[in-house]
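Scroll down for the structure; my scribbles are underneath it.
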Amino acid sequence: MTGDRTASSNTANTVLGPVPAHELGVVAVHEALLSVMPGAEYAYDITPDRAEIFETLAAKLREFRAHGGGTIVDSTGMFHGRDLRMYEALSRATGVHIVASTGMGPEEMLGGYFLTPQTDPPTPWPAEKFGDLFMREITEGMVVPRVERRGAAGLVATTATREGMTATDESLFRGAARAALATGVPVSIRYGADAVHDLEIVLAEKLPADRVVVGGLDRKDAVVAAAAHEVARRGAYVALDNIGSTGAGHVGDQERVALVLDLVEAGYGSRILLSGNVIGVATGQPGREVPFGDVLSRFVPMLTAQGLGAEDRHRILVDNPRDLLSVR
């Protein structure tokens, strides 16, 4: 893919087809419209009501739009509840662009199909096989199981094992990078134990750093290690994407504000992305009852009160995600 088009001529893949990237507006780069624990749909005590789920999500998306939001990135990947037909209907009903993703991980969340059972112990799919799987979801459309393919994925999202990258995780990361390099969409990675190490895995596949966003950099271990600065120094995007959460080892929002201001002061304002890791509707697992508009309604005013100017706010909320999601 060529990378010499201007921002105004680039497009981004949404569930309703390509749209000019400059029309994305304010983007929440790491959210989950639906999150379904694999297998939960078959549980005897769980009976999802699609109409009710639709209305719940539509209300949350309208609230997001009322606070100035333009685009939601659903970065759940392939097997955690992604419902393309519902996402298409939600986008039409609310006017919010929805970017859906391909990808998967970490290893513990994969089914046995993605291991080679003929070996003892089982070995992971090779990177090229994962890469082909993800690439087809971009070039041919995302799969609706056993039915058809729908719109093109807008990014490849993958996650490493929290305790440290496994061989299977590495295959996933390398395959994600190869799919991104071949198609022009970006990669979103959730690091395991070492953000910089995991970033280097995808960069080793010759994927330009500005096509990668590293999520979870508001985890306490990342903040202590100054990982956000190291990721930004390499040219990748820094996602502080658990805004509103202090659980699971994350810092609080005041510390996130300080980190944003520090990154801007260090000259990395063009590398910052913000999101809430919100789950719109969860099935078979705990939800996260934070509004999609929380970053805009509560966190951005905190940044403003601490001196972040309008130009930097626009860069972080609009320009950076636009550049990341542009297919190039």
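Residues are named by chain letter and number: chains run A, B, ... in the order of the structure tokens, numbers start at 1 in each chain, and ligands are numbered from 1 in the order shown.
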When you look at range 129-131 of chain A with a cut-off of 6 Å (counting only C-alpha atoms), what residues show up, excluding the ones that are within fewer than 2 positions of it in the same chain? I need them as an NGL selection string.
:A and (126-127 or 133-135 or 175-176 or 178-179)
A:Ala89, A:Val196, A:Ala32, A:Ala152: which is nearest Arg288 in chain A, counting only C-alpha atoms?
A:Ala32
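Distances here use only C-alpha atoms; by that measure, the residue among A:Leu33, A:Ala193, A:Leu325, A:Ala21 closest to Glu289 in chain A is A:Leu33.
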With only C-alpha atoms as the atoms that count, which of A:Gly244, A:Gly154, A:Pro121, A:Gly69 lies nearest to Arg328 in chain A?
A:Gly154
7 Å contact set for range 223-229 of chain A, only C-alpha atoms, chain neighbours under 3 positions out, as a list in words:
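These residues fall inside the cut-off: Ala195, Val196, Leu217, Asp218, Arg219, Lys220, Ala232, Arg233, Val238 and Leu263 of chain A.
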Per residue of range 139-178 of chain A within 12 Å of range 11-19 of chain A, what are the shortest atom pair and its distance in Å to one decimal, counting only C-alpha atoms, with rows by chain and residue number, as JSON lines?
{"residue": "A:Thr139", "atom": "CA", "partner": "A:Asn13", "partner_atom": "CA", "distance": 10.7}
{"residue": "A:Gly141", "atom": "CA", "partner": "A:Val15", "partner_atom": "CA", "distance": 9.6}
{"residue": "A:Met142", "atom": "CA", "partner": "A:Val15", "partner_atom": "CA", "distance": 9.4}
{"residue": "A:Arg149", "atom": "CA", "partner": "A:Val15", "partner_atom": "CA", "distance": 11.5}
{"residue": "A:Arg150", "atom": "CA", "partner": "A:Val15", "partner_atom": "CA", "distance": 7.9}
{"residue": "A:Gly151", "atom": "CA", "partner": "A:Val15", "partner_atom": "CA", "distance": 5.3}
{"residue": "A:Ala152", "atom": "CA", "partner": "A:Asn13", "partner_atom": "CA", "distance": 6.2}
{"residue": "A:Ala153", "atom": "CA", "partner": "A:Asn13", "partner_atom": "CA", "distance": 6.4}
{"residue": "A:Gly154", "atom": "CA", "partner": "A:Asn13", "partner_atom": "CA", "distance": 4.6}
{"residue": "A:Leu155", "atom": "CA", "partner": "A:Asn13", "partner_atom": "CA", "distance": 8.2}
{"residue": "A:Val156", "atom": "CA", "partner": "A:Asn13", "partner_atom": "CA", "distance": 11.7}
Excluding same-chain residues fewer than 4 positions from Leu207 in chain A, what lies within 7 Å of it counting only C-alpha atoms, as a short mmCIF file (atom, residue, chain, number, x, y, z; two decimals) with all heavy atoms, in the first residue's frame?
data_model
loop_
_atom_site.label_atom_id
_atom_site.label_comp_id
_atom_site.auth_asym_id
_atom_site.auth_seq_id
_atom_site.Cartn_x
_atom_site.Cartn_y
_atom_site.Cartn_z
N ALA A 177 0.92 -8.24 12.20
CA ALA A 177 1.78 -7.27 11.54
C ALA A 177 1.84 -7.52 10.03
O ALA A 177 1.79 -6.58 9.24
CB ALA A 177 3.19 -7.33 12.14
N LEU A 181 0.61 -4.93 7.18
CA LEU A 181 1.57 -4.46 6.17
C LEU A 181 1.02 -4.70 4.77
O LEU A 181 1.19 -3.87 3.87
CB LEU A 181 2.90 -5.18 6.36
CG LEU A 181 4.08 -4.68 5.54
CD1 LEU A 181 4.40 -3.22 5.87
CD2 LEU A 181 5.30 -5.56 5.79
N VAL A 202 6.27 -6.81 16.52
CA VAL A 202 5.58 -6.40 15.30
C VAL A 202 6.47 -5.51 14.43
O VAL A 202 6.40 -5.56 13.20
CB VAL A 202 4.23 -5.73 15.61
CG1 VAL A 202 3.29 -6.70 16.29
CG2 VAL A 202 4.38 -4.48 16.44
N LEU A 203 7.32 -4.71 15.05
CA LEU A 203 8.22 -3.87 14.25
C LEU A 203 9.25 -4.72 13.51
O LEU A 203 9.72 -4.33 12.43
CB LEU A 203 8.92 -2.85 15.15
CG LEU A 203 8.02 -1.83 15.86
CD1 LEU A 203 8.88 -0.83 16.63
CD2 LEU A 203 7.09 -1.13 14.89
N ARG A 211 1.99 2.66 12.35
CA ARG A 211 0.82 1.83 12.04
C ARG A 211 0.47 0.95 13.23
O ARG A 211 -0.34 0.02 13.10
CB ARG A 211 1.09 0.96 10.80
CG ARG A 211 1.53 1.71 9.58
CD ARG A 211 0.58 2.86 9.26
NE ARG A 211 -0.74 2.41 8.86
CZ ARG A 211 -1.87 3.04 9.17
NH1 ARG A 211 -1.85 4.13 9.92
NH2 ARG A 211 -3.04 2.56 8.75
#
Give me, as a Markdown table, each residue of range 66-109 of chain A that comes within 10 Å of range 290-311 of chain A, together with its shortest interatomic pair and the distance in Å at one decimal, counting only C-alpha atoms, with rows ordered by chain and rising residue number.
| residue | atom | partner | partner_atom | distance |
| --- | --- | --- | --- | --- |
| A:Ala66 | CA | A:Gly293 | CA | 8.2 |
| A:His67 | CA | A:Gly293 | CA | 6.1 |
| A:Gly68 | CA | A:Leu296 | CA | 7.4 |
| A:Gly69 | CA | A:Gly293 | CA | 7.1 |
| A:Ile72 | CA | A:Phe292 | CA | 8.5 |
Shell around Thr168 in chain A at 10 Å using only C-alpha atoms, local window under 6 positions removed, as a PDB file with N, CA and C atoms, in the first residue's frame:
ATOM      1  N   GLY A 105      -6.623 -13.305  20.516  1.00  0.00           N
ATOM      2  CA  GLY A 105      -5.623 -13.456  21.550  1.00  0.00           C
ATOM      3  C   GLY A 105      -6.185 -13.010  22.892  1.00  0.00           C
ATOM      4  N   PRO A 106      -5.473 -13.352  23.966  1.00  0.00           N
ATOM      5  CA  PRO A 106      -4.201 -14.073  24.029  1.00  0.00           C
ATOM      6  C   PRO A 106      -4.394 -15.585  23.856  1.00  0.00           C
ATOM      7  N   GLU A 107      -3.304 -16.340  24.018  1.00  0.00           N
ATOM      8  CA  GLU A 107      -3.339 -17.776  23.778  1.00  0.00           C
ATOM      9  C   GLU A 107      -4.429 -18.472  24.576  1.00  0.00           C
ATOM     10  N   GLU A 108      -4.608 -18.103  25.836  1.00  0.00           N
ATOM     11  CA  GLU A 108      -5.569 -18.802  26.685  1.00  0.00           C
ATOM     12  C   GLU A 108      -6.999 -18.643  26.206  1.00  0.00           C
ATOM     13  N   LEU A 110      -7.827 -18.789  22.952  1.00  0.00           N
ATOM     14  CA  LEU A 110      -7.974 -19.438  21.656  1.00  0.00           C
ATOM     15  C   LEU A 110      -8.526 -20.851  21.821  1.00  0.00           C
ATOM     16  N   PHE A 114      -6.877 -23.536  16.731  1.00  0.00           N
ATOM     17  CA  PHE A 114      -5.751 -22.695  16.368  1.00  0.00           C
ATOM     18  C   PHE A 114      -4.416 -23.227  16.883  1.00  0.00           C
ATOM     19  N   LEU A 115      -4.425 -24.455  17.365  1.00  0.00           N
ATOM     20  CA  LEU A 115      -3.199 -25.181  17.668  1.00  0.00           C
ATOM     21  C   LEU A 115      -3.122 -26.384  16.740  1.00  0.00           C
ATOM     22  N   THR A 123       1.538 -27.274  18.910  1.00  0.00           N
ATOM     23  CA  THR A 123       2.261 -26.067  18.499  1.00  0.00           C
ATOM     24  C   THR A 123       1.288 -25.079  17.867  1.00  0.00           C
ATOM     25  N   PRO A 124       1.579 -23.796  17.933  1.00  0.00           N
ATOM     26  CA  PRO A 124       0.646 -22.800  17.399  1.00  0.00           C
ATOM     27  C   PRO A 124       0.660 -22.773  15.885  1.00  0.00           C
ATOM     28  N   TRP A 125      -0.413 -22.222  15.350  1.00  0.00           N
ATOM     29  CA  TRP A 125      -0.398 -21.895  13.936  1.00  0.00           C
ATOM     30  C   TRP A 125       0.826 -21.037  13.646  1.00  0.00           C
ATOM     31  N   PRO A 126       1.433 -21.185  12.476  1.00  0.00           N
ATOM     32  CA  PRO A 126       2.525 -20.276  12.114  1.00  0.00           C
ATOM     33  C   PRO A 126       1.991 -18.876  11.833  1.00  0.00           C
ATOM     34  N   ALA A 127       2.866 -17.903  11.907  1.00  0.00           N
ATOM     35  CA  ALA A 127       2.459 -16.511  11.724  1.00  0.00           C
ATOM     36  C   ALA A 127       1.795 -16.283  10.375  1.00  0.00           C
ATOM     37  N   ALA A 160      -1.426 -10.148  24.096  1.00  0.00           N
ATOM     38  CA  ALA A 160      -0.455 -11.110  24.619  1.00  0.00           C
ATOM     39  C   ALA A 160      -0.868 -11.557  26.019  1.00  0.00           C
ATOM     40  N   THR A 161      -0.380 -12.705  26.417  1.00  0.00           N
ATOM     41  CA  THR A 161      -0.625 -13.245  27.751  1.00  0.00           C
ATOM     42  C   THR A 161      -0.046 -12.302  28.805  1.00  0.00           C
ATOM     43  N   ARG A 174       2.992 -11.532  15.007  1.00  0.00           N
ATOM     44  CA  ARG A 174       3.674 -11.483  13.703  1.00  0.00           C
ATOM     45  C   ARG A 174       2.656 -11.593  12.566  1.00  0.00           C
TER      46      ARG A 174
END
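For the residues A:Pro20, A:Gly25, A:Pro122, A:Pro186, ranking by smallest atom-to-atom distance to Thr102 in chain A using only C-alpha atoms places A:Pro186 first.
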Among the residues of range 21-243 of chain A, find those DSSP assigns to strand (DSSP E) from the backbone and print them as a ChimeraX atom specification.
/A:26-36,69-74,97-102,115-116,123-124,143-144,148-149,155-159,187-190,212-215,237-240
What is the distance, in Å and to one decimal place, between CA of Val185 in chain A and CA of Asp319 in chain A?
16.3 Å
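Going from CA of Val26 in chain A to CA of Gly70 in chain A covers 5.0 Å.
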Given only C-alpha atoms as the basis, pick out the residue of A:Met165, A:Leu199, A:Ile98, A:Leu172 nearest to Ala28 in chain A.
A:Ile98
Taking the chain letters and numbering used in this document, name the residues of range 43-269 of chain A that DSSP puts in alpha helix (DSSP H), as a CSV table (one decimal) with N, CA and C atoms, in the first residue's frame.
chain,number,residue,atom,x,y,z
A,50,ARG,N,-31.8,-9.9,21.5
A,50,ARG,CA,-31.1,-9.0,20.6
A,50,ARG,C,-31.7,-7.6,20.5
A,51,ALA,N,-33.1,-7.6,20.6
A,51,ALA,CA,-33.7,-6.3,20.5
A,51,ALA,C,-33.4,-5.4,21.7
A,52,GLU,N,-33.3,-6.0,22.9
A,52,GLU,CA,-33.0,-5.3,24.1
A,52,GLU,C,-31.5,-4.8,24.0
A,53,ILE,N,-30.6,-5.7,23.5
A,53,ILE,CA,-29.2,-5.4,23.4
A,53,ILE,C,-29.1,-4.2,22.4
A,54,PHE,N,-29.8,-4.2,21.3
A,54,PHE,CA,-29.7,-3.2,20.3
A,54,PHE,C,-30.1,-1.8,21.0
A,55,GLU,N,-31.2,-1.8,21.7
A,55,GLU,CA,-31.7,-0.6,22.3
A,55,GLU,C,-30.7,0.0,23.3
A,56,THR,N,-30.1,-0.9,24.1
A,56,THR,CA,-29.2,-0.5,25.1
A,56,THR,C,-28.0,0.1,24.4
A,57,LEU,N,-27.4,-0.5,23.4
A,57,LEU,CA,-26.3,0.0,22.7
A,57,LEU,C,-26.6,1.3,22.0
A,58,ALA,N,-27.8,1.4,21.4
A,58,ALA,CA,-28.1,2.6,20.6
A,58,ALA,C,-28.2,3.8,21.6
A,59,ALA,N,-28.7,3.6,22.8
A,59,ALA,CA,-28.8,4.7,23.7
A,59,ALA,C,-27.4,5.1,24.1
A,60,LYS,N,-26.5,4.2,24.3
A,60,LYS,CA,-25.1,4.5,24.7
A,60,LYS,C,-24.4,5.2,23.6
A,61,LEU,N,-24.6,4.8,22.4
A,61,LEU,CA,-24.0,5.5,21.3
A,61,LEU,C,-24.5,6.9,21.0
A,62,ARG,N,-25.8,7.0,21.2
A,62,ARG,CA,-26.4,8.4,21.1
A,62,ARG,C,-25.8,9.3,22.2
A,63,GLU,N,-25.7,8.8,23.4
A,63,GLU,CA,-25.1,9.6,24.5
A,63,GLU,C,-23.6,10.0,24.1
A,64,PHE,N,-22.9,9.0,23.5
A,64,PHE,CA,-21.5,9.3,23.1
A,64,PHE,C,-21.5,10.4,22.0
A,65,ARG,N,-22.4,10.3,21.1
A,65,ARG,CA,-22.5,11.4,20.0
A,65,ARG,C,-22.9,12.7,20.6
A,66,ALA,N,-23.8,12.7,21.6
A,66,ALA,CA,-24.3,14.0,22.2
A,66,ALA,C,-23.1,14.7,22.9
A,84,LEU,N,-21.7,-8.2,13.4
A,84,LEU,CA,-21.6,-7.2,12.3
A,84,LEU,C,-22.9,-6.6,11.8
A,85,ARG,N,-23.9,-7.5,11.7
A,85,ARG,CA,-25.2,-7.0,11.3
A,85,ARG,C,-25.8,-6.0,12.3
A,86,MET,N,-25.6,-6.3,13.6
A,86,MET,CA,-26.1,-5.4,14.6
A,86,MET,C,-25.3,-4.1,14.5
A,87,TYR,N,-24.0,-4.1,14.3
A,87,TYR,CA,-23.2,-3.0,14.3
A,87,TYR,C,-23.6,-2.1,13.1
A,88,GLU,N,-23.9,-2.7,12.0
A,88,GLU,CA,-24.4,-1.9,10.8
A,88,GLU,C,-25.6,-1.2,11.1
A,89,ALA,N,-26.6,-1.9,11.8
A,89,ALA,CA,-27.9,-1.3,12.1
A,89,ALA,C,-27.7,-0.2,13.1
A,90,LEU,N,-26.8,-0.4,14.1
A,90,LEU,CA,-26.5,0.6,15.1
A,90,LEU,C,-25.9,1.9,14.5
A,91,SER,N,-25.0,1.7,13.6
A,91,SER,CA,-24.4,2.9,12.9
A,91,SER,C,-25.4,3.7,12.1
A,92,ARG,N,-26.3,3.0,11.4
A,92,ARG,CA,-27.3,3.7,10.7
A,92,ARG,C,-28.3,4.4,11.6
A,93,ALA,N,-28.6,3.8,12.7
A,93,ALA,CA,-29.6,4.4,13.6
A,93,ALA,C,-29.1,5.5,14.4
A,94,THR,N,-27.8,5.6,14.7
A,94,THR,CA,-27.2,6.6,15.6
A,94,THR,C,-26.4,7.6,14.9
A,127,ALA,N,2.9,-17.9,11.9
A,127,ALA,CA,2.5,-16.5,11.7
A,127,ALA,C,1.8,-16.3,10.4
A,128,GLU,N,2.3,-16.9,9.3
A,128,GLU,CA,1.7,-16.7,8.0
A,128,GLU,C,0.3,-17.2,7.9
A,129,LYS,N,-0.1,-18.2,8.7
A,129,LYS,CA,-1.5,-18.7,8.7
A,129,LYS,C,-2.4,-17.7,9.4
A,130,PHE,N,-2.0,-17.2,10.6
A,130,PHE,CA,-2.7,-16.2,11.2
A,130,PHE,C,-2.8,-14.9,10.3
A,131,GLY,N,-1.7,-14.6,9.7
A,131,GLY,CA,-1.7,-13.4,8.8
A,131,GLY,C,-2.7,-13.5,7.7
A,132,ASP,N,-2.8,-14.7,7.1
A,132,ASP,CA,-3.7,-14.9,6.0
A,132,ASP,C,-5.2,-14.8,6.5
A,133,LEU,N,-5.4,-15.4,7.6
A,133,LEU,CA,-6.8,-15.3,8.2
A,133,LEU,C,-7.2,-13.9,8.4
A,134,PHE,N,-6.3,-13.1,9.0
A,134,PHE,CA,-6.7,-11.7,9.3
A,134,PHE,C,-6.8,-10.9,8.0
A,135,MET,N,-5.9,-11.2,7.1
A,135,MET,CA,-5.9,-10.4,5.8
A,135,MET,C,-7.2,-10.6,5.1
A,136,ARG,N,-7.7,-11.8,5.1
A,136,ARG,CA,-8.9,-12.1,4.3
A,136,ARG,C,-10.1,-11.3,5.0
A,137,GLU,N,-10.0,-11.1,6.3
A,137,GLU,CA,-11.1,-10.4,6.9
A,137,GLU,C,-11.1,-8.9,6.5
A,138,ILE,N,-9.9,-8.5,6.0
A,138,ILE,CA,-9.8,-7.1,5.6
A,138,ILE,C,-10.1,-7.0,4.1
A,139,THR,N,-9.6,-7.9,3.3
A,139,THR,CA,-9.7,-7.8,1.9
A,139,THR,C,-11.0,-8.4,1.3
A,167,ALA,N,4.7,-18.5,22.7
A,167,ALA,CA,5.0,-18.8,21.3
A,167,ALA,C,3.7,-18.5,20.5
A,168,THR,N,2.6,-18.9,21.0
A,168,THR,CA,1.3,-18.7,20.2
A,168,THR,C,1.1,-17.2,20.1
A,169,ASP,N,1.2,-16.4,21.2
A,169,ASP,CA,1.1,-15.0,21.1
A,169,ASP,C,2.0,-14.3,20.1
A,170,GLU,N,3.2,-14.8,20.0
A,170,GLU,CA,4.2,-14.3,19.1
A,170,GLU,C,3.7,-14.5,17.6
A,171,SER,N,3.2,-15.7,17.4
A,171,SER,CA,2.7,-16.0,16.0
A,171,SER,C,1.5,-15.1,15.7
A,172,LEU,N,0.6,-14.8,16.7
A,172,LEU,CA,-0.5,-13.9,16.5
A,172,LEU,C,0.0,-12.5,16.2
A,173,PHE,N,1.0,-12.0,16.9
A,173,PHE,CA,1.5,-10.7,16.7
A,173,PHE,C,2.2,-10.5,15.4
A,174,ARG,N,3.0,-11.5,15.0
A,174,ARG,CA,3.7,-11.5,13.7
A,174,ARG,C,2.7,-11.6,12.6
A,175,GLY,N,1.7,-12.5,12.7
A,175,GLY,CA,0.6,-12.6,11.7
A,175,GLY,C,-0.2,-11.3,11.6
A,176,ALA,N,-0.5,-10.6,12.7
A,176,ALA,CA,-1.2,-9.3,12.7
A,176,ALA,C,-0.4,-8.3,11.9
A,177,ALA,N,0.9,-8.2,12.2
A,177,ALA,CA,1.8,-7.3,11.5
A,177,ALA,C,1.8,-7.5,10.0
A,178,ARG,N,1.9,-8.8,9.6
A,178,ARG,CA,2.0,-9.1,8.2
A,178,ARG,C,0.7,-8.7,7.5
A,179,ALA,N,-0.5,-9.0,8.2
A,179,ALA,CA,-1.7,-8.6,7.6
A,179,ALA,C,-1.9,-7.1,7.4
A,180,ALA,N,-1.4,-6.4,8.4
A,180,ALA,CA,-1.5,-4.9,8.4
A,180,ALA,C,-0.6,-4.4,7.3
A,181,LEU,N,0.6,-4.9,7.2
A,181,LEU,CA,1.6,-4.5,6.2
A,181,LEU,C,1.0,-4.7,4.8
A,182,ALA,N,0.3,-5.8,4.6
A,182,ALA,CA,-0.2,-6.2,3.2
A,182,ALA,C,-1.4,-5.4,2.9
A,183,THR,N,-2.2,-4.9,3.9
A,183,THR,CA,-3.5,-4.3,3.6
A,183,THR,C,-3.6,-2.8,3.9
A,195,ALA,N,5.8,-4.0,27.4
A,195,ALA,CA,5.2,-3.3,26.3
A,195,ALA,C,6.2,-3.1,25.2
A,196,VAL,N,7.4,-2.7,25.5
A,196,VAL,CA,8.4,-2.4,24.5
A,196,VAL,C,8.8,-3.7,23.8
A,197,HIS,N,9.0,-4.8,24.5
A,197,HIS,CA,9.4,-6.1,23.9
A,197,HIS,C,8.3,-6.5,22.9
A,198,ASP,N,7.0,-6.4,23.3
A,198,ASP,CA,5.9,-6.8,22.4
A,198,ASP,C,5.8,-5.9,21.2
A,199,LEU,N,6.0,-4.6,21.4
A,199,LEU,CA,6.1,-3.7,20.2
A,199,LEU,C,7.2,-4.1,19.2
A,200,GLU,N,8.3,-4.5,19.8
A,200,GLU,CA,9.4,-4.8,18.9
A,200,GLU,C,9.1,-6.1,18.0
A,201,ILE,N,8.3,-7.0,18.5
A,201,ILE,CA,7.9,-8.1,17.7
A,201,ILE,C,7.2,-7.7,16.5
A,202,VAL,N,6.3,-6.8,16.5
A,202,VAL,CA,5.6,-6.4,15.3
A,202,VAL,C,6.5,-5.5,14.4
A,203,LEU,N,7.3,-4.7,15.1
A,203,LEU,CA,8.2,-3.9,14.3
A,203,LEU,C,9.2,-4.7,13.5
A,220,LYS,N,-0.2,0.2,35.9
A,220,LYS,CA,0.8,0.7,36.8
A,220,LYS,C,2.2,0.2,36.4
A,221,ASP,N,2.3,-1.0,35.9
A,221,ASP,CA,3.7,-1.5,35.6
A,221,ASP,C,4.3,-0.7,34.4
A,222,ALA,N,3.4,-0.3,33.5
A,222,ALA,CA,3.9,0.5,32.3
A,222,ALA,C,4.3,1.9,32.8
A,223,VAL,N,3.5,2.5,33.7
A,223,VAL,CA,3.8,3.8,34.1
A,223,VAL,C,5.1,3.8,34.9
A,224,VAL,N,5.3,2.8,35.8
A,224,VAL,CA,6.6,2.7,36.5
A,224,VAL,C,7.8,2.6,35.6
A,227,ALA,N,7.0,3.2,30.1
A,227,ALA,CA,6.8,2.5,28.8
A,227,ALA,C,6.2,3.4,27.8
A,228,ALA,N,5.3,4.3,28.2
A,228,ALA,CA,4.6,5.2,27.2
A,228,ALA,C,5.6,6.0,26.5
A,229,HIS,N,6.6,6.6,27.2
A,229,HIS,CA,7.7,7.4,26.5
A,229,HIS,C,8.5,6.5,25.6
A,230,GLU,N,8.8,5.3,26.0
A,230,GLU,CA,9.6,4.4,25.1
A,230,GLU,C,8.9,4.0,23.8
A,231,VAL,N,7.6,3.8,24.0
A,231,VAL,CA,6.7,3.4,22.8
A,231,VAL,C,6.6,4.6,21.9
A,232,ALA,N,6.4,5.8,22.4
A,232,ALA,CA,6.3,7.0,21.6
A,232,ALA,C,7.6,7.3,21.0
A,233,ARG,N,8.7,7.1,21.7
A,233,ARG,CA,10.0,7.4,21.1
A,233,ARG,C,10.3,6.6,19.9
A,253,ASP,N,-7.1,8.4,37.3
A,253,ASP,CA,-7.2,9.4,36.3
A,253,ASP,C,-6.4,10.6,36.5
A,254,GLN,N,-6.1,11.0,37.7
A,254,GLN,CA,-5.2,12.1,38.0
A,254,GLN,C,-3.8,11.7,37.4
A,255,GLU,N,-3.4,10.5,37.6
A,255,GLU,CA,-2.1,10.1,37.1
A,255,GLU,C,-2.1,10.0,35.6
A,256,ARG,N,-3.2,9.6,35.0
A,256,ARG,CA,-3.4,9.6,33.6
A,256,ARG,C,-3.2,11.1,33.0
A,257,VAL,N,-3.9,12.0,33.7
A,257,VAL,CA,-3.8,13.4,33.3
A,257,VAL,C,-2.3,13.8,33.3
A,258,ALA,N,-1.6,13.5,34.4
A,258,ALA,CA,-0.2,13.9,34.5
A,258,ALA,C,0.6,13.2,33.4
A,259,LEU,N,0.3,12.0,33.0
A,259,LEU,CA,1.1,11.3,32.0
A,259,LEU,C,0.8,11.9,30.6
A,260,VAL,N,-0.4,12.3,30.3
A,260,VAL,CA,-0.7,13.0,29.1
A,260,VAL,C,0.1,14.3,29.0
A,261,LEU,N,0.0,15.1,30.0
A,261,LEU,CA,0.7,16.4,30.0
A,261,LEU,C,2.2,16.2,29.9
A,262,ASP,N,2.8,15.1,30.5
A,262,ASP,CA,4.2,14.8,30.4
A,262,ASP,C,4.6,14.4,29.0
A,263,LEU,N,3.8,13.6,28.4
A,263,LEU,CA,4.0,13.2,27.0
A,263,LEU,C,4.0,14.4,26.0
A,264,VAL,N,3.0,15.3,26.2
A,264,VAL,CA,2.9,16.5,25.4
A,264,VAL,C,4.1,17.3,25.6
A,265,GLU,N,4.5,17.5,26.8
A,265,GLU,CA,5.7,18.4,27.1
A,265,GLU,C,7.0,17.8,26.5
Can you measure CA of Arg315 in chain A to CA of Gly103 in chain A for me? One decimal in Å is fine.
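Straight-line distance from CA of Arg315 in chain A to CA of Gly103 in chain A works out to 27.2 Å.
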